[in-house]
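Engineer: Sharing work_9.txt below, compact mmCIF, C-alpha atoms:
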# COMPACT_ATOMS: atom_id res chain seq x y z
CA MET A 42 101.28 101.53 89.36
CA ASN A 43 104.44 99.76 90.47
CA LYS A 44 107.45 100.92 92.48
CA LYS A 45 109.57 101.30 89.33
CA GLU A 46 107.12 103.80 87.82
CA VAL A 47 106.85 105.72 91.11
CA ALA A 48 110.65 105.87 91.42
CA HIS A 49 111.03 107.19 87.87
CA ILE A 50 108.56 110.01 88.50
CA ARG A 51 110.06 110.86 91.89
CA LYS A 52 113.58 111.19 90.46
CA GLN A 53 112.40 113.87 88.05
CA PHE A 54 111.40 116.27 90.81
CA LYS A 55 114.53 118.38 90.82
CA LEU A 56 115.32 121.74 89.31
CA ASP A 57 116.34 121.99 85.66
CA HIS A 58 115.38 118.39 84.92
CA ASP A 59 114.87 118.02 81.18
CA LEU A 60 112.01 115.52 81.58
CA LEU A 61 109.89 117.67 83.89
CA ASN A 62 108.01 120.93 83.43
CA ILE A 63 105.93 122.57 86.18
CA TYR A 64 103.68 125.34 84.89
CA ASP A 65 101.66 126.70 87.80
CA ILE A 66 101.68 126.49 91.58
CA LEU A 67 98.75 127.25 93.89
CA ASN A 68 99.19 127.70 97.65
CA VAL A 69 96.21 127.74 100.03
CA TYR A 70 96.52 128.67 103.73
CA ILE A 71 93.92 127.23 106.13
CA THR A 72 93.53 128.47 109.71
CA LYS A 73 92.62 125.96 112.41
CA GLU A 74 90.50 128.46 114.39
CA THR A 75 88.01 129.12 111.62
CA ASN A 76 88.65 126.01 109.50
CA GLU A 77 88.50 128.28 106.47
CA VAL A 78 90.78 129.47 103.70
CA TYR A 79 92.64 132.50 105.04
CA HIS A 80 94.63 133.23 101.88
CA TRP A 81 95.51 131.70 98.54
CA GLU A 82 97.79 132.66 95.66
CA ARG A 83 98.72 131.25 92.28
CA HIS A 84 101.92 131.90 90.33
CA PRO A 85 103.69 130.56 87.28
CA PHE A 86 106.26 128.21 88.79
CA GLU A 87 109.12 129.69 86.75
CA LEU A 88 108.56 133.08 88.45
CA VAL A 89 108.95 131.62 91.95
CA ASP A 90 112.29 132.30 93.64
CA ARG A 91 114.77 129.53 92.97
CA GLU A 92 115.31 128.92 96.69
CA LYS A 93 111.57 128.36 97.10
CA GLN A 94 111.51 126.10 94.04
CA GLU A 95 114.14 123.90 95.66
CA LEU A 96 112.07 123.64 98.85
CA TYR A 97 108.97 122.68 96.88
CA MET A 98 110.87 120.07 94.85
CA GLY A 99 112.16 118.49 98.04
CA ASN A 100 108.62 118.42 99.42
CA PHE A 101 107.19 116.77 96.30
CA LYS A 102 109.95 114.16 96.24
CA LYS A 103 109.34 113.41 99.93
CA LEU A 104 105.61 113.08 99.26
CA LEU A 105 106.26 110.38 96.64
CA THR A 106 108.69 108.45 98.84
CA GLY A 107 107.62 105.23 100.51
CA GLU A 108 106.45 101.68 99.93
CA LEU A 109 103.30 100.93 97.99
CA ASP A 110 100.39 99.94 100.26
CA GLN A 111 102.20 101.50 103.21
CA LYS A 112 102.60 105.18 102.32
CA LEU A 113 101.54 105.16 98.66
CA PHE A 114 98.15 103.81 97.62
CA GLU A 115 96.84 103.53 94.08
CA LEU A 116 93.10 104.13 94.31
CA LYS A 117 90.27 103.43 91.92
CA PHE A 118 87.56 106.08 91.84
CA GLN A 119 84.14 105.23 93.24
CA GLU A 120 81.70 104.63 90.41
CA GLN A 121 78.61 106.02 92.15
CA ALA A 122 80.10 109.17 93.71
CA GLU A 123 78.06 112.38 93.55
CA GLU A 124 79.98 115.21 91.90
CA PRO A 125 82.91 112.84 91.38
CA ALA A 126 86.43 114.10 92.06
CA GLN A 127 87.61 112.23 88.97
CA VAL A 128 85.59 114.54 86.70
CA MET A 129 86.90 117.60 88.54
CA LEU A 130 90.53 116.44 88.35
CA HIS A 131 90.29 115.46 84.70
CA GLN A 132 88.81 118.83 83.77
CA ALA A 133 91.58 120.57 85.70
CA LEU A 134 94.14 118.39 83.92
CA VAL A 135 93.01 119.20 80.38
CA THR A 136 92.08 122.87 80.77
CA GLY A 137 94.46 125.44 79.41
CA ASP A 138 92.97 128.19 81.58
CA PRO A 139 94.97 128.74 84.82
CA ASP A 140 91.96 130.46 86.42
CA GLU A 141 89.73 127.45 85.79
CA TRP A 142 92.43 125.13 87.13
CA SER A 143 92.81 127.08 90.38
CA ASP A 144 89.02 127.33 90.81
CA LEU A 145 88.71 123.54 90.53
CA MET A 146 91.54 123.02 93.02
CA LEU A 147 89.86 125.38 95.48
CA LEU A 148 86.72 123.25 95.20
CA LEU A 149 88.86 120.30 96.31
CA VAL A 150 90.06 122.36 99.27
CA ASP A 151 86.43 122.98 100.21
CA ARG A 152 85.99 119.21 100.34
CA MET A 153 89.02 118.93 102.63
CA LEU A 154 87.37 121.35 105.05
CA THR A 155 83.97 119.65 105.07
CA ASP A 156 83.47 117.44 108.14
CA ALA A 157 87.15 117.79 109.05
CA LYS A 158 88.91 119.71 111.81
CA TYR A 159 92.64 120.42 111.73
CA GLU A 160 94.70 120.75 114.90
CA ARG A 161 97.14 123.19 113.28
CA ASP A 162 97.15 125.71 110.47
CA MET A 163 97.59 123.88 107.18
CA VAL A 164 98.97 124.73 103.75
CA VAL A 165 97.69 122.93 100.66
CA THR A 166 99.94 123.16 97.60
CA PHE A 167 98.89 122.22 94.08
CA VAL A 168 101.13 122.13 91.02
CA LYS A 169 100.26 121.43 87.43
CA GLY A 170 102.90 120.21 85.04
CA GLN A 171 104.10 117.56 82.68
CA TYR A 172 106.73 114.84 82.89
CA TYR A 173 108.06 112.59 80.17
CA LEU A 174 108.72 108.86 80.06
CA PRO A 175 111.28 107.68 77.48
CA THR A 176 110.12 104.81 75.33
CA GLN A 177 113.56 103.20 75.51
CA ALA A 178 115.46 102.43 78.69
CA ARG A 179 118.90 103.74 79.49
CA ASN A 180 121.66 102.07 77.51
CA GLU A 181 124.06 100.79 80.17
CA ALA A 182 126.76 99.83 77.64
CA THR A 183 127.11 103.31 76.18
CA GLU A 184 125.99 105.20 79.30
CA GLU A 185 123.67 107.22 77.08
CA SER A 186 120.02 107.92 77.56
CA GLU A 187 118.09 107.20 74.37
CA LYS A 188 115.30 109.76 74.06
CA ASN A 189 114.37 109.48 70.42
CA GLU A 190 110.74 109.27 71.48
CA VAL A 191 109.08 110.18 74.76
CA PHE A 192 105.52 110.15 76.02
CA ALA A 193 104.25 113.32 77.70
CA HIS A 194 102.26 112.86 80.91
CA PRO A 195 100.31 115.91 82.17
CA PHE A 196 99.79 115.71 85.92
CA ILE A 197 98.42 117.45 89.00
CA LEU A 198 100.18 116.99 92.31
CA CYS A 199 98.82 118.02 95.71
CA SER A 200 100.70 118.23 99.00
CA VAL A 201 99.11 118.96 102.39
CA ASN A 202 101.55 120.33 104.98
CA SER A 203 101.09 121.41 108.57
CA THR A 204 102.64 124.47 110.18
CA GLU A 205 104.30 125.10 113.54
CA LYS A 206 105.07 128.18 115.56
CA GLN A 207 108.67 129.22 115.84
CA LYS A 208 110.34 128.70 119.20
CA LYS A 209 110.90 131.63 121.51
CA THR A 210 114.58 132.58 121.57
CA MET A 211 117.06 135.04 122.98
CA LEU A 212 119.51 136.87 120.74
CA PHE A 213 122.39 139.29 121.15
CA ASP A 214 122.28 142.57 119.25
CA TYR A 215 125.86 143.41 118.22
CA VAL A 216 125.01 147.00 117.31
CA GLU A 217 123.09 147.89 120.48
CA ARG A 218 125.20 145.55 122.60
CA GLU A 219 122.28 144.09 124.45
CA PHE A 220 120.37 140.84 124.85
CA LYS A 221 116.93 140.82 123.26
CA TYR A 222 113.90 138.63 123.30
CA ASN A 223 113.28 137.40 119.77
CA VAL A 224 109.58 137.43 118.84
CA ILE A 225 108.59 135.89 115.50
CA VAL A 226 104.90 135.27 114.93
CA ASP A 227 105.14 133.88 111.39
CA PRO A 228 104.51 130.10 111.36
CA ILE A 229 106.90 127.66 109.70
CA ILE A 230 105.50 125.49 106.90
CA LYS A 231 106.81 121.96 107.40
CA LEU A 232 107.72 121.20 103.79
CA SER A 233 110.09 118.41 104.82
CA THR A 234 107.26 116.31 106.27
CA PRO A 235 104.13 116.37 104.09
CA GLU A 236 101.02 115.06 105.85
CA GLN A 237 99.33 113.67 102.74
CA GLY A 238 98.54 114.43 99.12
CA PHE A 239 98.05 112.83 95.73
CA LEU A 240 99.31 112.52 92.16
CA TYR A 241 96.78 112.47 89.34
CA PRO A 242 96.58 110.60 87.07
CA SER A 243 98.24 107.34 88.08
CA VAL A 244 100.37 105.34 85.65
CA THR A 245 99.75 101.84 84.28
CA ASP A 246 102.35 100.23 82.01
CA ASN A 247 103.94 103.65 81.39
CA TYR A 248 100.61 105.15 80.28
CA SER A 249 98.56 107.72 82.19
CA ASP A 250 95.58 106.08 83.89
CA VAL A 251 92.88 108.72 84.42
CA ASN A 252 90.71 106.17 86.24
CA ARG A 253 93.15 105.94 89.16
CA VAL A 254 94.89 108.33 91.52
CA LEU A 255 98.00 107.80 93.64
CA TYR A 256 97.24 108.80 97.24
CA CYS A 257 100.20 109.56 99.52
CA THR A 258 100.23 109.63 103.31
CA GLY A 259 102.97 110.72 105.66
CA LYS A 260 102.08 108.07 108.25
CA SER A 261 102.73 104.47 107.21
CA ASN A 262 99.68 102.19 107.08
CA PHE A 263 97.33 104.98 108.17
CA PRO A 264 95.67 106.59 105.14
CA ASP A 265 93.16 109.33 106.00
CA PRO A 266 89.68 107.84 105.35
CA HIS A 267 88.11 111.29 104.97
CA PHE A 268 90.64 112.39 102.36
CA VAL A 269 90.49 109.09 100.48
CA GLU A 270 86.72 108.69 100.38
CA GLN A 271 85.24 112.18 100.68
CA VAL A 272 87.86 114.34 98.94
CA LEU A 273 89.14 111.96 96.24
CA ASN A 274 86.10 109.64 96.11
CA GLY A 275 88.56 106.75 96.08
CA ASP A 276 87.80 103.15 97.01
CA ARG A 277 89.19 102.10 100.36
CA SER A 278 92.60 100.43 99.93
CA VAL A 279 93.93 97.61 102.14
CA THR A 280 97.19 98.55 103.85
CA ALA A 281 100.18 96.22 104.13
CA LEU A 282 99.53 96.01 107.88
CA GLU A 283 95.93 94.94 107.31
CA GLU A 284 96.99 92.49 104.59
CA ARG A 285 99.42 90.82 106.97
CA ALA A 286 96.71 90.53 109.64
CA ILE A 287 94.41 88.85 107.07
CA PHE A 288 97.16 86.38 106.19
CA GLU A 289 97.75 85.56 109.86
CA ASP A 290 94.02 85.00 110.46
CA ILE A 291 93.78 82.71 107.43
CA VAL A 292 96.74 80.61 108.57
CA LYS A 293 95.35 80.40 112.12
CA GLU A 294 92.00 79.31 110.71
CA ILE A 295 93.82 76.46 108.93
CA THR A 296 96.45 75.39 111.46
CA GLY A 297 95.13 76.67 114.78
CA GLU A 298 96.70 79.24 117.08
CA GLN A 299 99.95 77.34 117.64
CA MET A 300 102.82 76.79 115.22
CA ASP A 301 106.43 75.86 115.89
CA ALA A 302 109.17 78.31 114.92
CA SER A 303 110.69 76.01 112.31
CA THR A 304 107.41 75.69 110.38
CA LEU A 305 106.81 79.44 110.58
CA ALA A 306 110.33 80.10 109.30
CA HIS A 307 109.69 77.80 106.32
CA VAL A 308 106.43 79.65 105.56
CA TYR A 309 108.30 82.94 105.25
CA GLU A 310 111.06 81.30 103.22
CA GLU A 311 108.52 79.97 100.73
CA ILE A 312 106.83 83.37 100.39
CA ASN A 313 110.20 85.07 99.98
CA ARG A 314 111.00 82.58 97.22
CA VAL A 315 107.83 83.65 95.39
CA ILE A 316 108.95 87.29 95.64
CA GLU A 317 112.46 86.49 94.39
CA VAL A 318 111.14 84.54 91.38
CA SER A 319 108.91 87.48 90.50
CA GLU A 320 111.82 89.92 90.71
CA GLU A 321 114.09 87.69 88.63
CA SER A 322 111.36 87.45 85.99
CA HIS A 323 111.09 91.29 85.98
CA GLU A 324 107.32 91.09 86.36
CA GLU A 325 105.65 94.50 86.44
CA GLU A 326 102.84 93.47 88.81
CA PRO A 327 103.73 92.56 92.41
CA PRO A 328 103.36 88.82 93.16
CA LYS A 329 100.09 87.71 94.76
CA LEU A 330 98.96 84.63 96.67
CA ASP A 331 95.53 83.08 96.13
CA TYR A 332 94.18 80.15 98.15
CA LYS A 333 95.99 77.66 95.90
CA ASP A 334 99.30 79.44 96.46
CA VAL A 335 98.75 79.53 100.24
CA GLU A 336 97.97 75.79 100.19
CA ARG A 337 101.22 75.13 98.32
CA VAL A 338 103.25 77.37 100.69
CA LEU A 339 101.87 75.67 103.81
CA THR A 340 102.32 72.19 102.37
CA ALA A 341 105.93 72.92 101.43
CA SER A 342 106.46 74.25 104.97
CA GLY A 343 105.44 70.96 106.56
CA VAL A 344 101.84 71.66 107.60
CA GLU A 345 100.06 68.31 107.74
CA ASP A 346 96.50 67.22 106.93
CA LEU A 347 96.07 70.08 104.50
CA THR A 348 93.73 70.19 101.52
CA GLU A 349 92.93 72.83 98.95
CA GLU A 350 89.31 72.80 100.08
CA LYS A 351 90.34 73.53 103.67
CA VAL A 352 92.35 76.58 102.57
CA GLU A 353 89.51 77.72 100.34
CA ARG A 354 87.08 77.60 103.28
CA ALA A 355 89.53 79.63 105.39
CA PHE A 356 89.58 82.38 102.76
CA GLU A 357 85.78 82.43 102.68
CA THR A 358 85.62 82.60 106.49
CA ILE A 359 88.15 85.41 106.95
CA VAL A 360 87.59 87.65 103.88
CA ASP A 361 84.31 86.22 102.56
CA ASN A 362 85.93 85.72 99.16
CA LYS A 363 87.68 82.51 98.16
CA ASN A 364 89.27 84.30 95.18
CA TYR A 365 90.89 87.02 97.31
CA GLU A 366 94.57 87.55 96.47
CA LEU A 367 97.15 88.54 99.08
CA LYS A 368 100.12 90.64 98.05
CA ALA A 369 103.19 88.56 98.86
CA ASN A 370 105.27 91.63 99.74
CA SER A 371 102.70 92.77 102.29
CA VAL A 372 102.51 89.54 104.28
CA MET A 373 106.27 89.37 104.83
CA PRO A 374 107.32 90.70 108.26
CA LYS A 375 109.82 93.14 106.74
CA TYR A 376 106.90 95.19 105.45
CA THR A 377 105.57 95.87 108.94
CA SER A 378 108.87 95.97 110.84
CA LYS A 379 112.56 95.24 110.39
CA SER A 380 112.18 91.87 112.14
CA ILE A 381 109.79 89.49 113.84
CA LYS A 382 109.18 90.32 117.49
CA ILE A 383 108.83 87.59 120.10
CA ASP A 384 106.98 89.14 123.03
CA THR A 385 107.38 87.71 126.54
CA LYS A 386 106.78 89.11 130.02
CA VAL A 387 110.55 89.16 130.63
CA ALA A 388 111.78 90.58 127.32
CA THR A 389 110.98 91.34 123.70
CA ILE A 390 113.27 89.46 121.32
CA SER A 391 113.74 90.62 117.71
CA VAL A 392 114.65 87.97 115.13
CA SER A 393 114.94 88.28 111.38
CA PRO A 394 112.56 85.97 109.44
CA GLN A 395 115.42 83.87 108.05
CA ASP A 396 116.79 83.23 111.56
CA LEU A 397 113.47 82.17 113.07
CA LYS A 398 114.41 78.51 112.47
CA TYR A 399 117.01 78.80 115.24
CA VAL A 400 114.35 79.64 117.85
CA ARG A 401 112.51 77.05 119.95
CA GLN A 402 110.03 77.13 122.79
CA VAL A 403 111.02 74.29 125.15
CA ASN A 404 109.93 72.90 128.50
CA TYR A 405 112.77 73.01 131.05
CA GLN A 406 112.15 71.83 134.62
CA GLY A 407 108.43 72.39 134.17
CA LYS A 408 108.83 75.92 132.82
CA ARG A 409 108.45 77.22 129.29
CA CYS A 410 111.66 78.75 127.95
CA ILE A 411 112.81 80.36 124.72
CA MET A 412 115.90 78.63 123.33
CA ILE A 413 117.94 80.28 120.58
CA GLU A 414 120.67 78.36 118.77
CA VAL A 415 123.83 80.47 118.28
CA ASP A 416 127.18 79.84 116.56
CA GLU A 417 129.22 82.13 118.79
CA ASP A 418 129.40 83.23 122.41
CA ALA A 419 126.64 85.59 123.53
CA VAL A 420 127.89 88.96 124.78
CA ILE A 421 125.93 91.19 127.18
CA GLU A 422 127.27 94.67 127.97
CA GLY A 423 130.77 93.53 127.00
CA PHE A 424 130.66 90.36 129.12
CA THR A 425 130.78 86.95 127.44
CA LEU A 426 128.23 84.56 128.93
CA THR A 427 129.42 81.25 130.29
CA THR A 428 128.03 78.13 128.58
CA GLU A 429 125.89 75.94 130.80
CA THR A 430 125.05 72.30 130.13
CA LEU A 431 121.36 71.49 130.75
Output the file's structure in the form of structure tokens.
Structural biologist:
Amino acid sequence: MNKKEVAHIRKQFKLDHDLLNIYDILNVYITKETNEVYHWERHPFELVDREKQELYMGNFKKLLTGELDQKLFELKFQEQAEEPAQVMLHQALVTGDPDEWSDLMLLLVDRMLTDAKYERDMVVTFVKGQYYLPTQARNEATEESEKNEVFAHPFILCSVNSTEKQKKTMLFDYVEREFKYNVIVDPIIKLSTPEQGFLYPSVTDNYSDVNRVLYCTGKSNFPDPHFVEQVLNGDRSVTALEERAIFEDIVKEITGEQMDASTLAHVYEEINRVIEVSEESHEEEPPKLDYKDVERVLTASGVEDLTEEKVERAFETIVDNKNYELKANSVMPKYTSKSIKIDTKVATISVSPQDLKYVRQVNYQGKRCIMIEVDEDAVIEGFTLTTETL
């Protein structure tokens, strides 16, 4: 599943969209004290109040928002799982019996409660529906959407949301003309910030892929291992943060711990060039780097005494697999933060990857210093710094 397919599905989650139908909705309330289902209810979605429908649509759209391998993870199902979730989800997908569908979803909730303890009351929401993918793209010249033929994609979406108690407040009663203490015991369901969930089935080349599920987490780079492995029976997915750490370890294994800023800047420039070529070619799959690609990137960046065999051994040492492929998007700094951070005892300096070539570590009067080349006067708190000649 690529970001284009995710974006297309996400855009459909709004009321009265002609390419989306939601048939049923199931809400399950879980109390933290007992770690049990306190209440559940199922309704046809069209009978839900329109104001509630809008809240749910916003929640589902938020759930599907984020970068792949950071907040959205396409998972393969474990082949040897006992009572596999894939079988349960597929049966729920194809059944025409709403009672059977809700029973299967409640079995999934039971899995969520096994060996897990929630800090707050939780609400698990399931919807079953169908969206459509046009076979022809939008015609930009005529500004018309060509929908002569569309593929229907049945789906199940799950969102897990926490609750919070309402704040204690004072109010003024206009009728009684007195100040009152406002006591509201009903918890608020935080639909604007889903904790996690999933979309089943995933999509591959605009076709439903029943062998994969799209897992969604509200916290970047921190998928819930229990939900992924025990609830969905999905294979563990490498996050963008972990992928970047692997790349750093491989490069350190090849070049050592030290690297000058100019060489490091060229490394990121070369990787960014790979990403740009992939985007210009409109490739569906995200670009990846194997050991041959890493050898080419490092060579082009000026790393000396480098051989393909040396890079291959580094892959085997770090990931125990010389054929491992790194996702180019994940190893770029912009996927873990807005910029590269240079940490020192005095200050933390943030520099964009493309500007790293202007940074140097120099020795001045026996002391290590960070030197940054600038084209204009530096300004601190409105004061322009004087230029000193060293």
Engineer: How far is it from CA of Tyr309 (chain A) to CA of Lys382 (chain A), in Å with one decimal?
Structural biologist: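 So the answer is 14.3 Å.
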Engineer: Residues near Thr296 (chain A), anyone? I mean within 10 Å using all atoms listed in the file, not counting same-chain ones fewer than 6 positions away, as a list in words.
Structural biologist: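 What passes the distance filter is Asp290, Leu339, Val344, Glu345, Asp346, Leu347 and Val352 of chain A.
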Engineer: Between CA of Glu311 (chain A) and CA of Gln402 (chain A), what is the distance in Å, rounded to a tenth?
Structural biologist: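 CA of Gln402 (chain A) lies 22.3 Å from CA of Glu311 (chain A).
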Engineer: Write out as a VMD selection string which residues come within 7 Å of Ala302 (chain A) when counting all atoms listed in the file, dropping same-chain ones fewer than 4 positions away.
Structural biologist: chain A and resid 306 397 to 398 400 to 401
Engineer: Enter the distance from CA of Val279 (chain A) to CA of Leu232 (chain A), in Å, rounded to one decimal.
Structural biologist: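 Distance reported for this atom pair: 27.4 Å.
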Engineer: Please provide the set of residues having any atom within 12 Å of Leu56 (chain A), restricted to only C-alpha atoms, with same-chain residues fewer than 5 positions apart removed, written as an MDAnalysis selection string.
Structural biologist: chainID A and resid 61:63 86:87 90:99 101:102
Engineer: Around region 158-175 of chain A, with edges along x, y and z and 3 Å added on all six sides, what centre and edge lengths do you get, in Å to one decimal, as AutoDock Vina command-line options?
Structural biologist:
--center_x 100.1 --center_y 116.7 --center_z 96.2 --size_x 28.4 --size_y 24.0 --size_z 43.4
Engineer: Is there a way to complete region 241-250 of chain A with all heavy atoms and then write that out as a compact mmCIF listing (two decimals), in the frame of the given file?
Structural biologist:
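Final file, out-v9.txt:
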# COMPACT_ATOMS: atom_id res chain seq x y z
N TYR A 241 97.79 112.87 90.31
CA TYR A 241 96.78 112.47 89.34
C TYR A 241 97.25 112.88 87.94
O TYR A 241 97.73 113.99 87.75
CB TYR A 241 95.43 113.13 89.63
CG TYR A 241 94.37 112.80 88.58
CD1 TYR A 241 93.67 111.60 88.64
CD2 TYR A 241 94.13 113.67 87.52
CE1 TYR A 241 92.73 111.29 87.67
CE2 TYR A 241 93.18 113.36 86.55
CZ TYR A 241 92.49 112.17 86.62
OH TYR A 241 91.56 111.85 85.66
N PRO A 242 97.08 111.96 86.96
CA PRO A 242 96.58 110.60 87.07
C PRO A 242 97.68 109.63 87.47
O PRO A 242 98.86 109.98 87.51
CB PRO A 242 96.10 110.31 85.64
CG PRO A 242 97.02 111.12 84.78
CD PRO A 242 97.30 112.38 85.56
N SER A 243 97.27 108.40 87.79
CA SER A 243 98.24 107.34 88.08
C SER A 243 98.84 106.85 86.77
O SER A 243 98.54 107.39 85.70
CB SER A 243 97.55 106.20 88.82
OG SER A 243 98.46 105.19 89.16
N VAL A 244 99.71 105.87 86.84
CA VAL A 244 100.37 105.34 85.65
C VAL A 244 100.21 103.82 85.63
O VAL A 244 100.39 103.15 86.65
CB VAL A 244 101.88 105.70 85.64
CG1 VAL A 244 102.59 105.03 84.47
CG2 VAL A 244 102.06 107.20 85.57
N THR A 245 99.84 103.29 84.49
CA THR A 245 99.75 101.84 84.28
C THR A 245 100.50 101.48 83.02
O THR A 245 100.17 101.98 81.93
CB THR A 245 98.28 101.39 84.17
OG1 THR A 245 97.57 101.75 85.37
CG2 THR A 245 98.20 99.88 83.98
N ASP A 246 101.53 100.65 83.15
CA ASP A 246 102.35 100.23 82.01
C ASP A 246 102.88 101.43 81.23
O ASP A 246 102.84 101.46 79.99
CB ASP A 246 101.55 99.31 81.07
CG ASP A 246 101.15 98.01 81.75
OD1 ASP A 246 101.90 97.56 82.64
OD2 ASP A 246 100.10 97.45 81.40
N ASN A 247 103.35 102.44 81.96
CA ASN A 247 103.94 103.65 81.39
C ASN A 247 102.94 104.52 80.64
O ASN A 247 103.33 105.38 79.85
CB ASN A 247 105.11 103.31 80.45
CG ASN A 247 106.38 103.00 81.23
OD1 ASN A 247 106.48 103.29 82.41
ND2 ASN A 247 107.35 102.42 80.56
N TYR A 248 101.64 104.30 80.88
CA TYR A 248 100.61 105.15 80.28
C TYR A 248 99.80 105.80 81.41
O TYR A 248 99.54 105.17 82.44
CB TYR A 248 99.67 104.33 79.38
CG TYR A 248 100.31 103.87 78.10
CD1 TYR A 248 100.91 102.61 78.01
CD2 TYR A 248 100.34 104.69 76.98
CE1 TYR A 248 101.51 102.18 76.84
CE2 TYR A 248 100.94 104.27 75.79
CZ TYR A 248 101.52 103.01 75.74
OH TYR A 248 102.12 102.60 74.58
N SER A 249 99.38 107.04 81.20
CA SER A 249 98.56 107.72 82.19
C SER A 249 97.22 107.01 82.34
O SER A 249 96.58 106.66 81.35
CB SER A 249 98.32 109.18 81.77
OG SER A 249 99.52 109.91 81.81
N ASP A 250 96.83 106.77 83.59
CA ASP A 250 95.58 106.08 83.89
C ASP A 250 94.65 107.06 84.61
O ASP A 250 94.74 107.25 85.82
CB ASP A 250 95.86 104.85 84.75
CG ASP A 250 94.64 103.97 84.94
OD1 ASP A 250 93.52 104.44 84.63
OD2 ASP A 250 94.79 102.82 85.41
